[in-house]
file protein_31.txt (compact mmCIF, C-alpha atoms)
# COMPACT_ATOMS: atom_id res chain seq x y z
CA THR A 1 -21.43 149.93 86.87
CA ARG A 2 -24.92 150.06 85.54
CA ARG A 3 -26.09 152.13 88.46
CA SER A 4 -23.23 154.60 88.09
CA SER A 5 -23.94 155.06 84.36
CA ASP A 6 -27.61 155.65 85.13
CA LEU A 7 -26.57 158.29 87.62
CA VAL A 8 -24.42 159.94 84.95
CA LEU A 9 -27.33 159.99 82.51
CA LEU A 10 -29.83 161.38 85.00
CA PRO A 11 -28.78 165.05 84.65
CA GLY A 12 -29.04 164.80 80.88
CA LYS A 13 -32.47 163.22 81.10
CA ALA A 14 -33.58 165.88 83.57
CA LEU A 15 -32.31 168.61 81.26
CA SER A 16 -34.09 167.02 78.31
CA ARG A 17 -37.34 166.93 80.27
CA LEU A 18 -36.92 170.56 81.29
CA LEU A 19 -36.30 171.68 77.72
CA GLY A 20 -39.36 169.74 76.59
CA SER A 21 -41.58 171.31 79.24
CA GLN A 22 -44.28 173.57 77.82
CA SER A 23 -44.14 175.69 80.96
CA ILE A 24 -40.41 176.24 80.60
CA ARG A 25 -40.70 177.15 76.92
CA ALA A 26 -43.61 179.51 77.57
CA ALA A 27 -41.70 181.11 80.44
CA ALA A 28 -38.69 181.56 78.14
CA VAL A 29 -40.81 183.30 75.48
CA PHE A 30 -42.44 185.53 78.08
CA ALA A 31 -39.05 186.29 79.64
CA ALA A 32 -37.64 187.24 76.23
CA GLY A 33 -40.63 189.52 75.75
CA GLY A 34 -39.99 191.06 79.16
CA PHE A 35 -36.36 191.77 78.30
CA GLY A 36 -37.46 193.19 74.94
CA PHE A 37 -39.99 195.41 76.70
CA ALA A 38 -37.37 196.64 79.17
CA ALA A 39 -34.79 197.28 76.42
CA GLY A 40 -37.35 199.06 74.25
CA ASN A 41 -38.36 201.30 77.14
CA VAL A 42 -34.76 202.22 77.92
CA VAL A 43 -33.96 203.10 74.30
CA LEU A 44 -37.17 205.08 73.82
CA ALA A 45 -36.55 206.94 77.07
CA LEU A 46 -33.09 207.92 75.82
CA VAL A 47 -34.25 209.11 72.39
CA LEU A 48 -37.79 210.45 72.75
CA PRO A 49 -38.67 213.67 74.59
CA PRO A 50 -39.92 212.89 78.13
CA ASP A 51 -43.49 213.94 77.35
CA ASP A 52 -43.61 211.69 74.27
CA PHE A 53 -42.24 208.71 76.17
CA GLY A 54 -44.71 209.40 78.98
CA THR A 55 -47.52 209.40 76.40
CA ILE A 56 -46.48 205.95 75.18
CA SER A 57 -46.31 204.68 78.76
CA LEU A 58 -49.80 205.98 79.50
CA LEU A 59 -51.15 204.51 76.27
CA LEU A 60 -49.78 201.07 77.15
CA ALA A 61 -51.27 201.31 80.65
CA LEU A 62 -54.69 202.23 79.22
CA ASN A 63 -54.30 199.35 76.79
CA GLN A 64 -53.84 196.88 79.65
CA PHE A 65 -57.09 198.07 81.19
CA GLY A 66 -58.81 198.16 77.81
CA LEU A 67 -57.87 194.67 76.66
CA THR A 68 -58.93 193.25 80.04
CA LEU A 69 -62.37 194.88 79.90
CA GLY A 70 -62.76 194.64 76.12
CA SER A 71 -62.11 190.91 75.95
CA PHE A 72 -64.85 190.47 78.60
CA GLY A 73 -63.21 187.33 80.01
CA MET A 74 -63.59 185.50 76.70
CA ASP A 75 -59.89 184.57 76.72
CA VAL A 76 -60.67 182.36 79.75
CA ILE A 77 -64.08 181.22 78.48
CA VAL A 78 -62.65 179.91 75.19
CA ASN A 79 -60.25 177.78 77.23
CA ARG A 80 -63.10 176.23 79.18
CA HIS A 81 -65.76 175.73 76.52
CA ARG A 82 -64.07 175.56 73.07
CA PRO A 83 -66.67 177.72 71.27
CA LEU A 84 -67.62 177.56 67.62
CA ILE A 85 -65.83 180.37 65.80
CA ASP A 86 -68.61 181.87 63.70
CA GLY A 87 -70.44 185.15 63.15
CA GLN A 88 -72.17 185.01 66.54
CA PHE A 89 -68.87 184.51 68.33
CA ALA A 90 -67.38 187.40 66.36
CA ARG A 91 -70.25 189.71 67.37
CA ASN A 92 -69.96 188.69 71.01
CA LEU A 93 -66.29 189.63 70.84
CA LEU A 94 -66.52 192.81 68.76
CA ILE A 95 -69.25 194.51 70.81
CA PRO A 96 -67.38 194.76 74.16
CA ALA A 97 -64.04 195.35 72.38
CA THR A 98 -65.45 198.27 70.36
CA LEU A 99 -67.33 199.83 73.28
CA THR A 100 -64.29 199.59 75.56
CA SER A 101 -61.90 201.04 73.01
CA ALA A 102 -64.30 203.96 72.45
CA VAL A 103 -64.46 204.71 76.20
CA MET A 104 -60.67 204.51 76.51
CA ALA A 105 -60.18 206.76 73.48
CA LEU A 106 -62.53 209.36 75.00
CA ALA A 107 -60.62 209.15 78.30
CA THR A 108 -57.38 209.69 76.40
CA LEU A 109 -58.80 212.78 74.73
CA TYR A 110 -60.87 214.43 77.47
CA PHE A 111 -59.41 213.16 80.76
CA TYR A 112 -55.72 213.12 79.87
CA HIS A 113 -55.96 215.86 77.21
CA LEU A 114 -53.77 214.05 74.69
CA PRO A 115 -53.84 214.95 70.96
CA PRO A 116 -56.74 213.60 68.85
CA ILE A 117 -54.38 211.42 66.79
CA ILE A 118 -53.34 209.60 69.98
CA ALA A 119 -57.02 209.09 70.85
CA VAL A 120 -57.67 207.57 67.42
CA LEU A 121 -54.65 205.30 67.74
CA ALA A 122 -55.82 204.32 71.24
CA PHE A 123 -59.19 203.28 69.81
CA VAL A 124 -57.56 201.08 67.16
CA LEU A 125 -54.89 199.70 69.47
CA ILE A 126 -57.18 198.78 72.36
CA GLY A 127 -59.86 197.22 70.18
CA ALA A 128 -57.32 195.12 68.27
CA SER A 129 -55.46 194.07 71.43
CA ALA A 130 -58.70 192.87 73.08
CA ILE A 131 -59.46 190.72 70.02
CA ASN A 132 -55.84 189.57 69.92
CA LYS A 133 -56.07 188.42 73.55
CA VAL A 134 -59.12 186.26 72.86
CA VAL A 135 -57.52 184.79 69.73
CA ALA A 136 -54.48 183.93 71.84
CA GLY A 137 -56.86 182.22 74.27
CA LEU A 138 -58.15 180.05 71.41
CA PHE A 139 -54.63 178.84 70.67
CA GLN A 140 -53.94 178.45 74.39
CA GLY A 141 -57.00 176.22 74.77
CA GLU A 142 -55.61 174.00 72.00
CA ARG A 143 -52.27 173.94 73.87
CA ARG A 144 -50.55 175.62 70.97
CA PHE A 145 -48.60 177.73 73.40
CA PHE A 146 -45.97 179.10 71.04
CA ALA A 147 -48.54 180.75 68.77
CA ALA A 148 -50.48 182.03 71.79
CA THR A 149 -47.42 183.54 73.45
CA VAL A 150 -46.32 185.24 70.25
CA LEU A 151 -49.75 186.86 69.97
CA LEU A 152 -49.69 188.02 73.59
CA GLN A 153 -46.11 189.28 73.46
CA ILE A 154 -46.29 191.10 70.13
CA HIS A 155 -46.33 194.59 71.65
CA ASN A 156 -43.10 193.88 73.56
CA TYR A 157 -41.25 192.99 70.38
CA THR A 158 -42.91 195.86 68.50
CA LEU A 159 -41.75 198.26 71.19
CA LEU A 160 -38.18 197.05 70.67
CA LEU A 161 -38.56 197.45 66.88
CA ALA A 162 -40.01 200.93 67.35
CA ALA A 163 -37.04 201.83 69.54
CA GLY A 164 -34.70 200.85 66.72
CA LEU A 165 -36.62 202.97 64.20
CA VAL A 166 -36.67 205.94 66.55
CA VAL A 167 -32.88 205.76 66.81
CA LEU A 168 -32.61 205.89 63.01
CA LEU A 169 -35.17 208.66 62.47
CA SER A 170 -34.45 212.19 63.59
CA ASN A 171 -38.08 213.36 63.80
CA ALA A 172 -39.62 210.33 65.55
CA SER A 173 -42.40 210.95 68.04
CA ALA A 174 -45.02 209.22 70.18
CA ASN A 175 -47.30 209.11 67.12
CA LEU A 176 -44.89 206.83 65.25
CA VAL A 177 -44.45 204.44 68.16
CA ALA A 178 -48.20 204.28 68.86
CA THR A 179 -48.88 203.67 65.15
CA LEU A 180 -46.42 200.77 65.02
CA ILE A 181 -47.95 199.15 68.10
CA ALA A 182 -51.48 199.59 66.74
CA VAL A 183 -50.50 198.11 63.35
CA SER A 184 -48.84 195.14 65.05
CA TYR A 185 -51.98 194.37 67.07
CA VAL A 186 -54.27 194.71 64.05
CA SER A 187 -52.00 192.43 62.02
CA THR A 188 -51.68 189.68 64.62
CA ALA A 189 -55.37 189.79 65.53
CA THR A 190 -56.36 189.50 61.87
CA VAL A 191 -53.94 186.70 61.00
CA GLY A 192 -54.61 184.85 64.26
CA TRP A 193 -58.39 185.06 63.81
CA TRP A 194 -58.18 183.77 60.23
CA HIS A 195 -55.94 180.88 61.22
CA ALA A 196 -58.12 179.96 64.21
CA GLN A 197 -61.24 180.00 62.06
CA GLN A 198 -59.58 177.72 59.50
CA SER A 199 -58.09 175.21 61.94
CA MET A 200 -60.47 175.12 64.93
CA SER A 201 -63.88 174.49 63.45
CA GLU A 202 -64.45 170.80 64.29
CA GLY A 203 -66.05 169.49 67.46
CA ARG A 204 -67.15 172.90 68.71
CA SER A 205 -70.54 174.39 69.60
CA ARG A 206 -71.92 177.85 70.26
CA ILE A 207 -71.75 179.39 73.71
CA ALA A 208 -75.06 180.50 75.21
CA LEU A 209 -75.24 184.23 75.85
CA ARG A 210 -76.26 183.66 79.47
CA LEU A 211 -73.17 181.54 80.13
CA LEU A 212 -70.98 184.11 78.41
CA LEU A 213 -72.36 186.92 80.57
CA ASN A 214 -72.18 184.98 83.83
CA GLU A 215 -68.61 183.81 83.39
CA GLY A 216 -67.53 187.01 81.65
CA PHE A 217 -68.53 189.26 84.55
CA SER A 218 -66.75 186.99 87.01
CA VAL A 219 -63.50 186.92 85.04
CA VAL A 220 -63.57 190.65 84.26
CA GLY A 221 -64.16 191.58 87.89
CA LEU A 222 -61.13 189.62 89.06
CA THR A 223 -58.76 190.59 86.24
CA LEU A 224 -59.69 194.29 86.40
CA ALA A 225 -58.82 194.31 90.10
CA VAL A 226 -55.42 192.81 89.29
CA GLN A 227 -54.80 195.31 86.50
CA PHE A 228 -55.78 198.16 88.81
CA LEU A 229 -53.04 197.09 91.22
CA PHE A 230 -50.46 196.89 88.43
CA GLN A 231 -51.42 200.00 86.46
CA PHE A 232 -52.76 202.47 89.05
CA GLU A 233 -49.52 204.45 89.35
CA ARG A 234 -49.20 204.84 85.58
CA LEU A 235 -52.77 206.09 85.31
CA ALA A 236 -52.48 208.45 88.29
CA ILE A 237 -49.04 210.01 87.79
CA PRO A 238 -50.00 212.10 84.70
CA LYS A 239 -52.86 213.67 86.67
CA VAL A 240 -51.05 214.37 89.94
CA GLY A 241 -47.61 214.92 88.41
CA SER A 242 -46.47 215.11 84.80
CA MET A 243 -45.70 212.99 81.77
CA ALA A 244 -41.98 213.42 82.50
CA MET A 245 -42.51 211.89 85.95
CA LEU A 246 -44.39 208.98 84.37
CA ALA A 247 -41.51 208.50 81.94
CA THR A 248 -39.01 208.17 84.79
CA TYR A 249 -41.27 205.79 86.73
CA THR A 250 -41.80 203.60 83.65
CA VAL A 251 -38.09 203.14 82.98
CA ILE A 252 -37.38 202.15 86.58
CA THR A 253 -40.23 199.63 86.80
CA ALA A 254 -39.52 198.20 83.33
CA VAL A 255 -35.89 197.47 84.14
CA ALA A 256 -36.57 196.22 87.67
CA GLY A 257 -39.65 194.10 87.14
CA SER A 258 -40.61 193.25 83.55
CA PRO A 259 -38.47 190.13 82.93
CA TYR A 260 -39.44 188.53 86.25
CA ARG A 261 -43.10 189.39 85.82
CA MET A 262 -43.04 187.79 82.36
CA ILE A 263 -41.51 184.56 83.72
CA GLN A 264 -44.33 184.35 86.27
CA LEU A 265 -46.92 184.90 83.55
CA GLY A 266 -45.33 182.22 81.39
CA ASN A 267 -45.67 179.60 84.13
CA SER A 268 -49.29 180.46 84.92
CA PHE A 269 -50.11 180.67 81.20
CA THR A 270 -49.61 176.93 80.65
CA LEU A 271 -51.60 176.00 83.76
CA LEU A 272 -54.95 177.51 82.66
CA PRO A 273 -55.89 174.89 80.01
CA ARG A 274 -55.36 172.17 82.64
CA VAL A 275 -57.65 173.76 85.25
call {"tool": "encode", "arguments": {"input": "protein_31.txt", "output": "C-alpha cells"}}
result
Amino acid sequence: TRRSSDLVLLPGKALSRLLGSQSIRAAAVFAAGGFGFAAGNVVLALVLPPDDFGTISLLLALNQFGLTLGSFGMDVIVNRHRPLIDGQFARNLLIPATLTSAVMALATLYFYHLPPIIAVLAFVLIGASAINKVVAGLFQGERRFFAATVLLQIHNYTLLLAAGLVVLLSNASANLVATLIAVSYVSTATVGWWHAQQSMSEGRSRIALRLLLNEGFSVVGLTLAVQFLFQFERLAIPKVGSMAMLATYTVITAVAGSPYRMIQLGNSFTLLPRV
C-alpha cells in the first residue's frame, strides 16, 4: 500500500519540481515574450502601412546587432567576474554603447535612407538596449532570473502595447512605435541600473581593463556571428527588395519561429551563471 501511494504521489512531486525549476520559469517568461512579439507583429502589420512596419522591423534588426556590439560582451563578463558597479564600470559600458549606437544611427540615415527622426530614435534605442542587456546580466549573475528576463523581454511586451495603441489611434506611424520602444529601453535600463547599484555593491571588485578587452572581443566575435545568421535577411531585404517585402518576411518569421526561439533562449539563459 505504501508503495502504491508513493507511486500516486510521484507525478505531483515531479510537477512540483518542474514548476520550481528556474529553467522552466525562465523558458515560460521567454515564451510569453515570444508570443507577445508575434502577436504585436501581426497587429502592427495589419494596421500600419507596409513601409512603416518594414521600418520597425529593420530598426529591431539593427538593434539586435547594436546591443550585441554595444554591450561588448559585458553581459557575459559580469556573470563570470561580479564587477564593482561604480563610475569606472559605467564608463566602460557607456563608451562602446554610445559609439555603437552612433554608428547604427548613421547607417540608418545614410545606408538605409530612413528619416532623421528614425535615426535619432535608433541612437537612443540601441544605446539604451545595450546598457539594458548588461544590467540584465548583472541580475542573471545573481540568479535573479525573473528581473533579468523582464529586462531582456521588455521590447516584446512594448511591441504588443504599441500594437494596441496603433489600433486606437488613426494617425499612428513608425515614429510612434519606435518612440515607445526607445522609452521602454531607457526606462528599464535606468531603473535596473539604479537597483543593481543599490543592491549589488558588496563583495565585488573592479575588472581590469585588459581582462575586459580580452574577454569582450572573444564574446563579441562569437555573438556577432550568431546575430549575423539570425538578422542577415532583415538587413539585406530593404537593400535588394523593399520595405514592403521586409514587412511580409517579418510577419512570417515572427509567427513561425519567435515562441520556439524564446523557449530555447530561456533554457540557455539559466545555464550561463552555472558555467
call {"tool": "closest_residue", "arguments": {"input": "protein_31.txt", "among": "A:Tyr185, A:Phe145, A:Gln64, A:Asn92", "to": "A:Leu224", "atoms": "all atoms listed in the file"}}
result
A:Gln64
call {"tool": "closest_residue", "arguments": {"input": "protein_31.txt", "among": "A:Thr188, A:Ser71, A:Gln197, A:Thr55", "to": "A:Ser242", "atoms": "all atoms listed in the file"}}
result
A:Thr55
call {"tool": "residues_around", "arguments": {"input": "protein_31.txt", "residues": "A:Gly216", "least_positions_apart": "6", "cutoff": "12 Å", "atoms": "all atoms listed in the file", "output": "list in words"}}
result
Thr68, Leu69, Gly70, Ser71, Phe72, Gly73, Met74, Asp75, Val76, Ile77, Val78, Arg80, Asn92, Leu93, Pro96, Ile207, Ala208, Leu209, Arg210, Leu222, Thr223 and Leu224 of chain A
call {"tool": "write_last_selection", "arguments": {"input": "protein_31.txt", "atoms": "C-alpha atoms", "output": "PDB file, in the frame of the given file"}}
result
ATOM      1  CA  THR A  68     -58.930 193.250  80.040  1.00  0.00           C
ATOM      2  CA  LEU A  69     -62.370 194.880  79.900  1.00  0.00           C
ATOM      3  CA  GLY A  70     -62.760 194.640  76.120  1.00  0.00           C
ATOM      4  CA  SER A  71     -62.110 190.910  75.950  1.00  0.00           C
ATOM      5  CA  PHE A  72     -64.850 190.470  78.600  1.00  0.00           C
ATOM      6  CA  GLY A  73     -63.210 187.330  80.010  1.00  0.00           C
ATOM      7  CA  MET A  74     -63.590 185.500  76.700  1.00  0.00           C
ATOM      8  CA  ASP A  75     -59.890 184.570  76.720  1.00  0.00           C
ATOM      9  CA  VAL A  76     -60.670 182.360  79.750  1.00  0.00           C
ATOM     10  CA  ILE A  77     -64.080 181.220  78.480  1.00  0.00           C
ATOM     11  CA  VAL A  78     -62.650 179.910  75.190  1.00  0.00           C
ATOM     12  CA  ARG A  80     -63.100 176.230  79.180  1.00  0.00           C
ATOM     13  CA  ASN A  92     -69.960 188.690  71.010  1.00  0.00           C
ATOM     14  CA  LEU A  93     -66.290 189.630  70.840  1.00  0.00           C
ATOM     15  CA  PRO A  96     -67.380 194.760  74.160  1.00  0.00           C
ATOM     16  CA  ILE A 207     -71.750 179.390  73.710  1.00  0.00           C
ATOM     17  CA  ALA A 208     -75.060 180.500  75.210  1.00  0.00           C
ATOM     18  CA  LEU A 209     -75.240 184.230  75.850  1.00  0.00           C
ATOM     19  CA  ARG A 210     -76.260 183.660  79.470  1.00  0.00           C
ATOM     20  CA  LEU A 222     -61.130 189.620  89.060  1.00  0.00           C
ATOM     21  CA  THR A 223     -58.760 190.590  86.240  1.00  0.00           C
ATOM     22  CA  LEU A 224     -59.690 194.290  86.400  1.00  0.00           C
TER      23      LEU A 224
END
call {"tool": "closest_atom_pairs", "arguments": {"input": "protein_31.txt", "of": "stretch 157-224 of chain A", "to": "stretch 137-142 of chain A", "cutoff": "9 Å", "atoms": "only C-alpha atoms", "output": "CSV"}}
result
residue,atom,partner,partner_atom,distance
A:Gly192,CA,A:Phe139,CA,8.8
A:Ala196,CA,A:Leu138,CA,7.2
A:Met200,CA,A:Leu138,CA,8.5
call {"tool": "closest_residue", "arguments": {"input": "protein_31.txt", "among": "A:Arg82, A:Arg143, A:Arg234, A:Lys133", "to": "A:Val186", "atoms": "all atoms listed in the file"}}
result
A:Lys133
call {"tool": "closest_residue", "arguments": {"input": "protein_31.txt", "among": "A:Val167, A:Ala244, A:Ala105, A:Ile126", "to": "A:Leu60", "atoms": "all atoms listed in the file"}}
result
A:Ile126
call {"tool": "residues_near_point", "arguments": {"input": "protein_31.txt", "point": "(-52.3, 211.4, 79.1)", "cutoff": "8 Å", "atoms": "only C-alpha atoms", "output": "short mmCIF file (atom, residue, chain, number, x, y, z; two decimals) with C-alpha atoms, in the coordinates of the input"}}
result
data_model
loop_
_atom_site.label_atom_id
_atom_site.label_comp_id
_atom_site.auth_asym_id
_atom_site.auth_seq_id
_atom_site.Cartn_x
_atom_site.Cartn_y
_atom_site.Cartn_z
CA GLY A 54 -44.71 209.40 78.98
CA THR A 55 -47.52 209.40 76.40
CA LEU A 58 -49.80 205.98 79.50
CA LEU A 59 -51.15 204.51 76.27
CA THR A 108 -57.38 209.69 76.40
CA LEU A 109 -58.80 212.78 74.73
CA PHE A 111 -59.41 213.16 80.76
CA TYR A 112 -55.72 213.12 79.87
CA HIS A 113 -55.96 215.86 77.21
CA LEU A 114 -53.77 214.05 74.69
CA PRO A 238 -50.00 212.10 84.70
CA LYS A 239 -52.86 213.67 86.67
CA MET A 243 -45.70 212.99 81.77
#
call {"tool": "atom_distance", "arguments": {"input": "protein_31.txt", "atom1": "atom CA of A:Ile56", "atom2": "atom CA of A:Leu151"}}
result
20.1 Å
call {"tool": "decode", "arguments": {"input": "protein_31.txt", "residues": "stretch 129-218 of chain A", "atoms": "C-alpha atoms", "output": "mmCIF file, in the first residue's frame"}}
result
data_model
loop_
_atom_site.group_PDB
_atom_site.id
_atom_site.type_symbol
_atom_site.label_atom_id
_atom_site.label_comp_id
_atom_site.auth_asym_id
_atom_site.auth_seq_id
_atom_site.Cartn_x
_atom_site.Cartn_y
_atom_site.Cartn_z
ATOM 1 C CA SER A 129 19.225 48.439 -25.089
ATOM 2 C CA ALA A 130 22.976 47.709 -24.876
ATOM 3 C CA ILE A 131 23.043 49.077 -21.316
ATOM 4 C CA ASN A 132 19.835 47.206 -20.530
ATOM 5 C CA LYS A 133 21.421 43.933 -21.677
ATOM 6 C CA VAL A 134 24.403 44.352 -19.343
ATOM 7 C CA VAL A 135 22.136 45.295 -16.434
ATOM 8 C CA ALA A 136 20.133 42.138 -17.124
ATOM 9 C CA GLY A 137 23.435 40.230 -16.997
ATOM 10 C CA LEU A 138 24.064 41.634 -13.508
ATOM 11 C CA PHE A 139 20.751 40.235 -12.289
ATOM 12 C CA GLN A 140 21.384 36.988 -14.157
ATOM 13 C CA GLY A 141 24.724 36.576 -12.392
ATOM 14 C CA GLU A 142 22.904 36.907 -9.059
ATOM 15 C CA ARG A 143 20.420 34.263 -10.288
ATOM 16 C CA ARG A 144 17.587 36.736 -10.076
ATOM 17 C CA PHE A 145 16.219 35.388 -13.312
ATOM 18 C CA PHE A 146 12.766 36.957 -13.215
ATOM 19 C CA ALA A 147 14.145 40.510 -13.096
ATOM 20 C CA ALA A 148 16.722 39.668 -15.767
ATOM 21 C CA THR A 149 14.164 38.149 -18.133
ATOM 22 C CA VAL A 150 11.809 41.096 -17.735
ATOM 23 C CA LEU A 151 14.641 43.446 -18.700
ATOM 24 C CA LEU A 152 15.573 41.360 -21.736
ATOM 25 C CA GLN A 153 11.989 40.859 -22.892
ATOM 26 C CA ILE A 154 10.761 44.423 -22.445
ATOM 27 C CA HIS A 155 10.716 45.244 -26.155
ATOM 28 C CA ASN A 156 8.453 42.247 -26.860
ATOM 29 C CA TYR A 157 5.845 43.462 -24.408
ATOM 30 C CA THR A 158 6.290 47.058 -25.566
ATOM 31 C CA LEU A 159 5.693 45.963 -29.137
ATOM 32 C CA LEU A 160 2.401 44.385 -28.053
ATOM 33 C CA LEU A 161 1.452 47.583 -26.178
ATOM 34 C CA ALA A 162 2.370 49.689 -29.197
ATOM 35 C CA ALA A 163 0.178 47.471 -31.365
ATOM 36 C CA GLY A 164 -2.757 48.188 -29.075
ATOM 37 C CA LEU A 165 -2.155 51.945 -29.236
ATOM 38 C CA VAL A 166 -1.833 51.859 -33.007
ATOM 39 C CA VAL A 167 -5.241 50.193 -33.226
ATOM 40 C CA LEU A 168 -6.763 53.001 -31.153
ATOM 41 C CA LEU A 169 -5.018 55.878 -32.947
ATOM 42 C CA SER A 170 -5.912 56.745 -36.508
ATOM 43 C CA ASN A 171 -2.663 58.549 -37.378
ATOM 44 C CA ALA A 172 -0.151 56.120 -35.828
ATOM 45 C CA SER A 173 3.144 55.609 -37.624
ATOM 46 C CA ALA A 174 6.570 54.002 -37.296
ATOM 47 C CA ASN A 175 7.709 57.055 -35.313
ATOM 48 C CA LEU A 176 5.232 56.310 -32.505
ATOM 49 C CA VAL A 177 6.177 52.640 -32.267
ATOM 50 C CA ALA A 178 9.919 53.399 -32.331
ATOM 51 C CA THR A 179 9.448 56.076 -29.651
ATOM 52 C CA LEU A 180 7.597 53.670 -27.353
ATOM 53 C CA ILE A 181 10.296 51.020 -27.732
ATOM 54 C CA ALA A 182 13.061 53.568 -27.098
ATOM 55 C CA VAL A 183 11.288 54.921 -23.996
ATOM 56 C CA SER A 184 10.799 51.396 -22.645
ATOM 57 C CA TYR A 185 14.509 50.598 -23.005
ATOM 58 C CA VAL A 186 15.591 53.876 -21.419
ATOM 59 C CA SER A 187 13.200 53.308 -18.509
ATOM 60 C CA THR A 188 14.210 49.716 -17.793
ATOM 61 C CA ALA A 189 17.922 50.439 -18.200
ATOM 62 C CA THR A 190 17.698 53.370 -15.789
ATOM 63 C CA VAL A 191 15.630 51.586 -13.150
ATOM 64 C CA GLY A 192 17.626 48.365 -13.486
ATOM 65 C CA TRP A 193 20.963 50.190 -13.177
ATOM 66 C CA TRP A 194 19.813 52.072 -10.075
ATOM 67 C CA HIS A 195 18.528 48.912 -8.424
ATOM 68 C CA ALA A 196 21.688 46.959 -9.274
ATOM 69 C CA GLN A 197 23.882 49.720 -7.884
ATOM 70 C CA GLN A 198 21.877 49.762 -4.649
ATOM 71 C CA SER A 199 21.717 46.006 -4.093
ATOM 72 C CA MET A 200 24.922 44.584 -5.616
ATOM 73 C CA SER A 201 27.716 46.574 -4.054
ATOM 74 C CA GLU A 202 29.128 44.106 -1.503
ATOM 75 C CA GLY A 203 31.875 41.586 -2.168
ATOM 76 C CA ARG A 204 32.741 42.942 -5.608
ATOM 77 C CA SER A 205 35.936 44.338 -7.141
ATOM 78 C CA ARG A 206 36.860 46.270 -10.264
ATOM 79 C CA ILE A 207 37.567 44.484 -13.518
ATOM 80 C CA ALA A 208 40.952 45.175 -15.104
ATOM 81 C CA LEU A 209 40.705 46.839 -18.499
ATOM 82 C CA ARG A 210 42.935 44.184 -20.066
ATOM 83 C CA LEU A 211 40.634 41.394 -18.901
ATOM 84 C CA LEU A 212 37.605 43.313 -20.127
ATOM 85 C CA LEU A 213 39.122 43.761 -23.584
ATOM 86 C CA ASN A 214 40.352 40.174 -23.895
ATOM 87 C CA GLU A 215 37.084 38.558 -22.893
ATOM 88 C CA GLY A 216 34.969 41.249 -24.552
ATOM 89 C CA PHE A 217 36.478 40.697 -28.004
ATOM 90 C CA SER A 218 36.004 36.942 -27.675
#
